[in-house]
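Reproduced below: structure.txt, with compact mmCIF, C-alpha atoms and all ligand atoms.
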```txt
# COMPACT_ATOMS: atom_id res chain seq x y z
CA MET A 1 59.47 0.50 -33.48
CA ARG A 2 56.56 -1.28 -31.76
CA LYS A 3 56.49 -5.02 -31.52
CA VAL A 4 53.82 -6.46 -33.81
CA ILE A 5 53.58 -9.85 -32.10
CA GLU A 6 52.67 -8.38 -28.75
CA GLU A 7 49.64 -6.63 -30.17
CA LYS A 8 48.07 -9.94 -31.16
CA VAL A 9 48.41 -11.43 -27.71
CA LYS A 10 45.46 -10.81 -25.46
CA ILE A 11 45.62 -10.06 -21.77
CA GLY A 12 42.76 -9.58 -19.39
CA ARG A 13 40.92 -10.40 -16.23
CA VAL A 14 38.32 -13.12 -15.79
CA VAL A 15 36.19 -13.49 -12.67
CA ILE A 16 34.41 -16.76 -11.88
CA LEU A 17 31.09 -16.30 -10.09
CA GLY A 18 28.53 -18.81 -8.88
CA ARG A 19 26.50 -20.00 -5.95
CA PRO A 20 28.48 -22.02 -3.34
CA ASN A 21 29.37 -25.51 -4.49
CA THR A 22 28.85 -24.97 -8.21
CA GLY A 23 32.49 -25.98 -8.82
CA LYS A 24 34.26 -22.62 -9.28
CA SER A 25 37.48 -23.71 -7.60
CA THR A 26 37.38 -27.10 -9.34
CA LEU A 27 36.99 -25.26 -12.65
CA LEU A 28 39.97 -23.04 -11.92
CA ASN A 29 42.09 -26.09 -11.11
CA ALA A 30 41.02 -27.66 -14.41
CA ILE A 31 41.87 -24.49 -16.35
CA MET A 32 45.28 -24.25 -14.70
CA SER A 33 45.96 -28.03 -14.96
CA GLN A 34 47.15 -27.92 -11.36
CA LYS A 35 45.66 -27.48 -7.94
CA VAL A 36 45.50 -23.80 -7.16
CA ALA A 37 42.35 -23.72 -5.05
CA ILE A 38 40.92 -26.04 -2.44
CA THR A 39 37.53 -27.69 -3.02
CA SER A 40 34.92 -29.52 -0.96
CA PRO A 41 31.20 -30.23 -0.87
CA MET A 42 30.78 -27.65 1.91
CA ALA A 43 29.38 -24.22 1.05
CA GLN A 44 31.90 -21.35 1.09
CA THR A 45 34.94 -23.58 1.04
CA THR A 46 36.62 -20.65 -0.69
CA ARG A 47 36.75 -17.80 1.82
CA LYS A 48 38.79 -15.24 -0.10
CA ASN A 49 39.15 -14.20 -3.71
CA ALA A 50 42.11 -16.03 -5.19
CA ARG A 51 43.97 -14.85 -8.27
CA VAL A 52 46.10 -16.93 -10.58
CA VAL A 53 47.82 -16.23 -13.89
CA PHE A 54 47.03 -18.42 -16.89
CA SER A 55 49.38 -18.26 -19.89
CA SER A 56 49.16 -19.72 -23.36
CA GLU A 57 50.31 -18.75 -26.84
CA LYS A 58 47.10 -16.71 -27.10
CA GLY A 59 47.95 -14.51 -24.17
CA LYS A 60 47.69 -14.13 -20.42
CA ILE A 61 44.70 -14.05 -18.14
CA ILE A 62 44.37 -13.23 -14.46
CA PHE A 63 41.62 -15.55 -13.24
CA SER A 64 39.82 -14.81 -9.98
CA ASP A 65 38.08 -17.56 -8.06
CA THR A 66 35.47 -16.10 -5.72
CA PRO A 67 33.55 -17.58 -2.78
CA GLY A 68 29.92 -18.42 -3.45
CA ILE A 69 27.42 -16.04 -1.88
CA ILE A 70 25.03 -17.44 0.73
CA ASN A 71 21.61 -15.87 1.14
CA LYS A 72 21.07 -15.75 4.86
CA VAL A 73 24.16 -15.57 7.02
CA SER A 74 24.37 -14.68 10.65
CA ASP A 75 27.94 -15.62 11.45
CA LEU A 76 30.85 -13.20 11.07
CA VAL A 77 32.82 -15.27 8.63
CA GLY A 78 29.88 -15.84 6.32
CA LYS A 79 29.14 -12.12 6.30
CA ARG A 80 32.72 -11.26 5.42
CA VAL A 81 32.96 -14.01 2.81
CA ASN A 82 29.77 -12.74 1.16
CA THR A 83 31.47 -9.41 0.43
CA GLU A 84 34.33 -10.96 -1.54
CA ALA A 85 32.78 -11.73 -4.94
CA PRO A 86 31.17 -8.28 -5.45
CA LYS A 87 34.58 -6.65 -4.86
CA GLU A 88 36.11 -8.59 -7.72
CA VAL A 89 33.47 -8.10 -10.41
CA GLY A 90 34.19 -4.47 -11.23
CA ARG A 91 37.59 -5.25 -12.65
CA ALA A 92 36.54 -8.11 -14.90
CA ASP A 93 36.89 -8.07 -18.68
CA VAL A 94 34.96 -11.33 -18.79
CA VAL A 95 32.61 -12.73 -16.17
CA ILE A 96 31.96 -16.45 -15.97
CA CYS A 97 28.66 -17.37 -14.35
CA LEU A 98 29.00 -20.98 -13.26
CA LEU A 99 25.86 -23.05 -12.71
CA ASP A 100 25.52 -26.53 -11.25
CA ILE A 101 22.88 -28.00 -13.54
CA SER A 102 22.74 -31.22 -11.52
CA ARG A 103 20.89 -29.27 -8.81
CA PRO A 104 17.50 -27.59 -8.99
CA LYS A 105 17.56 -23.82 -9.27
CA THR A 106 16.94 -22.08 -5.96
CA GLU A 107 16.67 -18.56 -4.59
CA GLU A 108 20.39 -18.67 -3.87
CA GLU A 109 21.17 -18.36 -7.57
CA ASN A 110 19.56 -14.92 -7.76
CA LYS A 111 22.29 -13.05 -5.86
CA VAL A 112 24.85 -14.20 -8.38
CA ILE A 113 22.63 -13.48 -11.35
CA GLY A 114 22.05 -9.97 -9.96
CA LEU A 115 25.79 -9.41 -9.74
CA VAL A 116 26.33 -10.65 -13.28
CA ARG A 117 23.56 -8.37 -14.58
CA LYS A 118 25.21 -5.31 -13.03
CA SER A 119 28.56 -6.07 -14.66
CA LYS A 120 29.49 -4.40 -17.93
CA ALA A 121 32.00 -7.11 -18.77
CA LYS A 122 31.51 -9.74 -21.46
CA LYS A 123 29.60 -12.70 -20.05
CA ILE A 124 29.84 -16.46 -20.39
CA LEU A 125 27.22 -18.80 -18.97
CA VAL A 126 28.89 -22.07 -18.03
CA TYR A 127 26.85 -25.17 -17.21
CA ASN A 128 28.92 -27.38 -14.93
CA LYS A 129 28.64 -30.96 -13.69
CA ILE A 130 27.33 -32.32 -16.99
CA ASP A 131 28.83 -35.67 -15.94
CA GLN A 132 26.33 -35.77 -13.06
CA ALA A 133 23.35 -34.02 -14.67
CA ILE A 134 21.77 -37.16 -16.06
CA GLY A 135 18.13 -38.34 -15.90
CA SER A 136 16.37 -36.97 -12.82
CA LYS A 137 19.50 -34.93 -12.00
CA ASP A 138 19.34 -32.95 -15.23
CA HIS A 139 18.03 -29.48 -14.31
CA LEU A 140 19.23 -27.62 -17.38
CA ALA A 141 15.69 -26.62 -18.32
CA GLU A 142 15.42 -24.55 -15.11
CA TYR A 143 18.43 -22.44 -16.06
CA ASN A 144 18.48 -22.00 -19.81
CA TYR A 145 16.08 -19.03 -19.85
CA LEU A 146 19.18 -17.08 -18.78
CA GLU A 147 21.06 -17.72 -22.01
CA ASP A 148 19.82 -14.55 -23.78
CA GLU A 149 21.67 -12.36 -21.30
CA PHE A 150 25.05 -13.90 -22.13
CA ASP A 151 27.55 -13.47 -24.96
CA GLU A 152 28.40 -17.18 -24.95
CA VAL A 153 27.10 -20.41 -23.42
CA ILE A 154 29.08 -23.61 -22.87
CA SER A 155 28.71 -26.90 -20.95
CA VAL A 156 31.62 -28.41 -19.03
CA SER A 157 32.54 -30.94 -16.43
CA ALA A 158 35.17 -29.29 -14.26
CA ILE A 159 35.93 -32.51 -12.42
CA LYS A 160 36.34 -34.61 -15.55
CA GLU A 161 38.00 -31.70 -17.36
CA THR A 162 35.52 -31.91 -20.24
CA ASN A 163 35.36 -28.93 -22.61
CA ILE A 164 37.85 -26.83 -20.67
CA LYS A 165 39.83 -25.99 -23.81
CA GLY A 166 36.60 -24.89 -25.46
CA LEU A 167 35.92 -22.54 -22.55
CA ILE A 168 39.45 -21.08 -22.70
CA ASN A 169 39.01 -20.44 -26.43
CA LEU A 170 35.73 -18.64 -25.81
CA ILE A 171 37.36 -16.46 -23.17
CA PHE A 172 40.15 -15.43 -25.52
CA GLU A 173 37.60 -14.60 -28.20
CA LEU A 174 35.73 -12.31 -25.82
CA LEU A 175 38.75 -10.57 -24.33
CA PRO A 176 39.26 -7.11 -25.76
CA GLU A 177 42.29 -6.55 -28.03
CA LYS A 178 43.53 -3.85 -25.76
CA ASP A 179 42.85 -4.43 -22.13
CA SER A 180 41.37 -1.61 -20.18
CA LYS A 181 41.15 -3.10 -16.72
CA LEU A 182 44.73 -4.17 -16.05
CA THR A 183 46.71 -1.94 -13.77
CA GLU A 184 50.50 -1.59 -13.59
CA GLU A 185 50.33 -3.85 -10.55
CA ASP A 186 48.50 -6.54 -12.53
CA LEU A 187 51.13 -6.43 -15.23
CA GLU A 188 53.88 -6.78 -12.64
CA ILE A 189 52.06 -9.73 -11.12
CA MET A 190 51.85 -11.38 -14.51
CA GLU A 191 55.58 -11.13 -15.00
CA SER A 192 56.61 -12.20 -11.51
CA LYS A 193 57.03 -15.83 -10.60
CA LYS A 194 55.28 -16.04 -7.28
CA GLY A 195 53.48 -19.15 -6.12
CA PRO A 196 50.59 -20.70 -8.00
CA VAL A 197 48.10 -18.46 -6.28
CA ILE A 198 49.32 -14.92 -6.66
CA SER A 199 47.02 -13.46 -4.05
CA LEU A 200 48.27 -15.78 -1.28
CA ASN A 201 51.72 -16.15 0.23
CA SER A 202 53.12 -19.64 0.77
CA LYS A 203 52.05 -19.83 4.42
CA GLU A 204 48.49 -18.94 3.47
CA TYR A 205 48.55 -21.50 0.67
CA ILE A 206 49.75 -24.27 2.99
CA ALA A 207 47.04 -23.27 5.48
CA GLU A 208 44.47 -23.71 2.71
CA ILE A 209 45.66 -27.25 1.96
CA ILE A 210 45.39 -28.16 5.65
CA ARG A 211 41.93 -26.57 5.84
CA GLU A 212 40.81 -28.64 2.86
CA LYS A 213 41.86 -31.86 4.59
CA ALA A 214 40.07 -30.76 7.76
CA TYR A 215 36.90 -30.24 5.68
CA LEU A 216 37.34 -33.68 4.18
CA PHE A 217 37.62 -35.57 7.46
CA LEU A 218 35.44 -33.58 9.83
CA ARG A 219 31.72 -33.90 10.36
CA LYS A 220 29.46 -31.32 8.82
CA GLU A 221 29.16 -28.60 11.44
CA VAL A 222 32.81 -28.55 12.48
CA PRO A 223 34.52 -26.96 9.42
CA TYR A 224 32.71 -23.66 9.89
CA SER A 225 34.36 -23.30 13.29
CA VAL A 226 37.78 -23.97 11.84
CA ASN A 227 40.62 -21.81 10.61
CA VAL A 228 44.23 -22.76 9.99
CA GLU A 229 47.29 -20.68 10.71
CA VAL A 230 50.79 -21.62 9.61
CA ASP A 231 53.42 -20.26 11.97
CA GLU A 232 56.66 -21.51 10.47
CA VAL A 233 57.97 -22.95 7.23
CA ILE A 234 61.60 -23.91 7.69
CA ASP A 235 63.62 -25.20 4.77
CA LYS A 236 66.04 -27.78 6.15
CA LYS A 237 67.50 -28.86 2.81
CA LYS A 238 66.44 -32.50 3.16
CA LEU A 239 62.96 -31.62 4.34
CA ILE A 240 60.55 -28.79 4.87
CA LEU A 241 59.43 -28.33 8.45
CA ILE A 242 55.97 -26.81 8.80
CA LYS A 243 54.38 -25.74 12.07
CA ALA A 244 50.66 -25.09 11.89
CA ARG A 245 47.66 -24.74 14.17
CA ILE A 246 44.04 -25.61 13.55
CA LEU A 247 41.95 -23.03 15.36
CA THR A 248 38.44 -23.80 16.52
CA THR A 249 35.88 -22.02 18.64
CA ALA A 250 34.82 -24.59 21.24
CA ASN A 251 36.19 -27.46 23.27
CA ARG A 252 33.70 -29.95 21.80
CA TYR A 253 35.00 -29.12 18.30
CA LYS A 254 38.58 -29.42 19.49
CA LYS A 255 37.79 -32.93 20.74
CA MET A 256 36.25 -33.86 17.38
CA ILE A 257 39.24 -32.51 15.47
CA ILE A 258 41.68 -34.46 17.62
CA GLY A 259 39.51 -37.60 17.54
CA VAL A 260 39.78 -40.72 19.66
CA GLY A 261 43.42 -41.22 20.54
CA GLY A 262 44.38 -38.45 18.09
CA LYS A 263 43.13 -40.42 15.08
CA LYS A 264 41.41 -37.51 13.31
CA ILE A 265 44.21 -34.98 13.59
CA ARG A 266 46.66 -37.62 12.38
CA GLU A 267 44.45 -38.33 9.38
CA ILE A 268 44.20 -34.62 8.53
CA GLY A 269 47.94 -34.12 9.03
CA TYR A 270 48.90 -37.19 7.03
CA ASN A 271 46.81 -36.21 4.02
CA ALA A 272 47.96 -32.58 4.09
CA ARG A 273 51.58 -33.71 4.35
CA LYS A 274 51.24 -36.14 1.43
CA GLU A 275 49.79 -33.45 -0.78
CA LEU A 276 52.42 -30.88 0.20
CA GLU A 277 55.14 -33.44 -0.52
CA LEU A 278 53.67 -34.12 -3.92
CA MET A 279 53.52 -30.43 -4.74
CA SER A 280 56.99 -29.59 -3.52
CA SER A 281 58.74 -32.86 -4.48
CA ARG A 282 60.29 -32.67 -1.03
CA LYS A 283 59.89 -34.46 2.26
CA VAL A 284 57.59 -32.54 4.57
CA PHE A 285 57.41 -32.71 8.34
CA LEU A 286 54.15 -31.24 9.53
CA GLU A 287 53.67 -30.35 13.18
CA LEU A 288 49.95 -29.83 13.54
CA THR A 289 48.20 -28.83 16.77
CA VAL A 290 44.64 -27.85 17.69
CA GLU A 291 43.89 -24.73 19.67
CA ILE A 292 40.74 -23.07 20.96
CA ASP A 293 40.54 -19.51 19.70
CA LYS A 294 37.09 -18.00 20.04
CA HIS A 295 38.12 -14.86 18.22
CA TRP A 296 39.69 -16.03 14.99
CA ALA A 297 36.60 -15.00 13.05
CA GLU A 298 36.75 -11.44 14.37
CA ARG A 299 40.39 -11.16 13.34
CA ASP A 300 39.50 -12.66 9.97
CA ILE A 301 36.91 -10.00 9.15
CA GLN A 302 39.41 -7.22 9.80
CA LYS A 303 41.65 -8.46 6.97
N1 LIG B 401 30.24 -34.43 -10.47
C1 LIG B 401 30.89 -33.29 -10.48
N2 LIG B 401 31.25 -32.70 -9.32
C2 LIG B 401 31.91 -31.54 -9.39
C3 LIG B 401 32.23 -30.90 -10.60
N3 LIG B 401 32.85 -29.73 -10.32
C4 LIG B 401 32.94 -29.66 -8.98
N4 LIG B 401 32.38 -30.75 -8.40
C5 LIG B 401 32.28 -31.05 -6.96
O1 LIG B 401 31.45 -30.06 -6.35
C6 LIG B 401 31.90 -29.75 -5.03
C7 LIG B 401 32.12 -28.26 -4.91
O2 LIG B 401 33.22 -27.88 -5.72
P1 LIG B 401 34.05 -26.55 -5.43
O3 LIG B 401 34.97 -26.38 -6.59
O4 LIG B 401 34.63 -26.57 -4.06
O5 LIG B 401 32.86 -25.47 -5.50
P2 LIG B 401 32.93 -23.88 -5.36
O6 LIG B 401 31.98 -23.33 -6.35
O7 LIG B 401 34.34 -23.43 -5.45
O8 LIG B 401 32.34 -23.66 -3.91
P3 LIG B 401 32.57 -22.45 -2.84
O9 LIG B 401 34.04 -22.20 -2.75
O10 LIG B 401 32.02 -23.02 -1.59
O11 LIG B 401 31.80 -21.28 -3.35
C8 LIG B 401 33.17 -30.58 -4.81
O12 LIG B 401 32.82 -31.73 -4.09
C9 LIG B 401 33.62 -30.92 -6.22
O13 LIG B 401 34.33 -32.12 -6.30
C10 LIG B 401 31.84 -31.54 -11.82
O14 LIG B 401 32.08 -31.10 -12.95
N5 LIG B 401 31.16 -32.72 -11.69
MG MG B 402 35.54 -22.47 -4.11
```
Show me, as structure tokens, the structure contained in the file I just sent.
Amino acid sequence: MRKVIEEKVKIGRVVILGRPNTGKSTLLNAIMSQKVAITSPMAQTTRKNARVVFSSEKGKIIFSDTPGIINKVSDLVGKRVNTEAPKEVGRADVVICLLDISRPKTEEENKVIGLVRKSKAKKILVYNKIDQAIGSKDHLAEYNYLEDEFDEVISVSAIKETNIKGLINLIFELLPEKDSKLTEEDLEIMESKKGPVISLNSKEYIAEIIREKAYLFLRKEVPYSVNVEVDEVIDKKKLILIKARILTTANRYKKMIIGVGGKKIREIGYNARKELELMSSRKVFLELTVEIDKHWAERDIQK
């Protein structure tokens, strides 16, 4: 006999697309009610597609956060990062196109809109940053001609967590009764209890937290030269010992990351440690060093 209850529960895949900085990762954190993705005002903070599982009484969804696509890139990392979002779209049951309506529309939006147009998935247009889009910062009128192409339209503030439940309800309405896109592997992922971000292992996740703090405390041009590698995570019962390296491409960046008398690196390390302690409810000892590695980007594109 087949189980009747299971047939009512929906499962599916949702991919979040949008220009860099529109708030995709912030939105995913709001949906999940926990930090699963790092965020910052820098473009392409997200460098890889990240998948998480959302569960409620209505069903289960694999959400994918994607990096925003940049129009003109010359560096290796940017080129690699630009290929991420298109890879994810094909498997979506629902595509979310996230717009930052507090910023004027630019050419950069068109790449994303092109991707959305090609997708055969159901589509939701989400206006983000409504908390900021006030007076001269309200650019809604430049975007709303797009509404006809979408199945649903909704306004949210990812940072203030406004209307997130409404968005989740819309997604469940649009998900097909029987999912076509989920593979056996997806179903296994949904059942397993891995970390919060199912596409990253714990070392990669810790590296992301450290990278976020580096973005927060470093001057504009430096973050693009930076990558973080976690070498060891040792569970010592009373504390977790983490050994990590910040990689950068030039000596002048290394100096900036270390800062006068080591002030910067201490600031980055302190803030990463505090967050990791909060997440793990454990004491964390973080050994953080800075290393020049001119070739991290080349290794990164081979992944
Ligand atoms: N005021 C306001 N700021 C927001 C909102 N959502 C995100 N932000 C801010 O916008 C910046 C970019 O957010 P992210 O979530 O990193 O953007 P993203 O789309 O993931 O960017 P990439 O990963 O670079 O493609 C951060 O400084 C966020 O705090 C919002 O609803 N309102
Ligand atoms: Mg992001």
Shell of 8 Å around ligand MG 402 (chain B) (only C-alpha atoms and all ligand atoms), written as a list in words: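 The residues near ligand MG 402 (chain B) are Pro20, Asn21, Gly23, Lys24, Ser25, Thr26, Ala37, Ile38, Thr39, Ser40, Gln44, Thr45, Thr46, Arg47, Asp65, Thr66, Pro67 and Gly68 of chain A.
Relative to CA of Arg19 (chain A), CA of Val222 (chain A) is found at 21.3 Å.
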Long-range neighbours of Asn71 (chain A) as a CSV table (one decimal) with C-alpha atoms, in the frame of the given file, 9 Å cut-off, only C-alpha atoms, 6 positions minimum in chain:
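Final output, part_28.csv:
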```csv
chain,number,residue,atom,x,y,z
A,82,ASN,CA,29.8,-12.7,1.2
A,107,GLU,CA,16.7,-18.6,-4.6
A,108,GLU,CA,20.4,-18.7,-3.9
A,111,LYS,CA,22.3,-13.0,-5.9
```
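In this comparison, which uses all atoms listed in the file, the residue of A:Met190, A:Ile268, A:Ile16, A:Leu98 approaching Lys213 (chain A) most closely is A:Ile268.
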Point-to-point distance from CA of Thr289 (chain A) to CA of Lys237 (chain A), Å rounded to tenths: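 The value is 23.8 Å.
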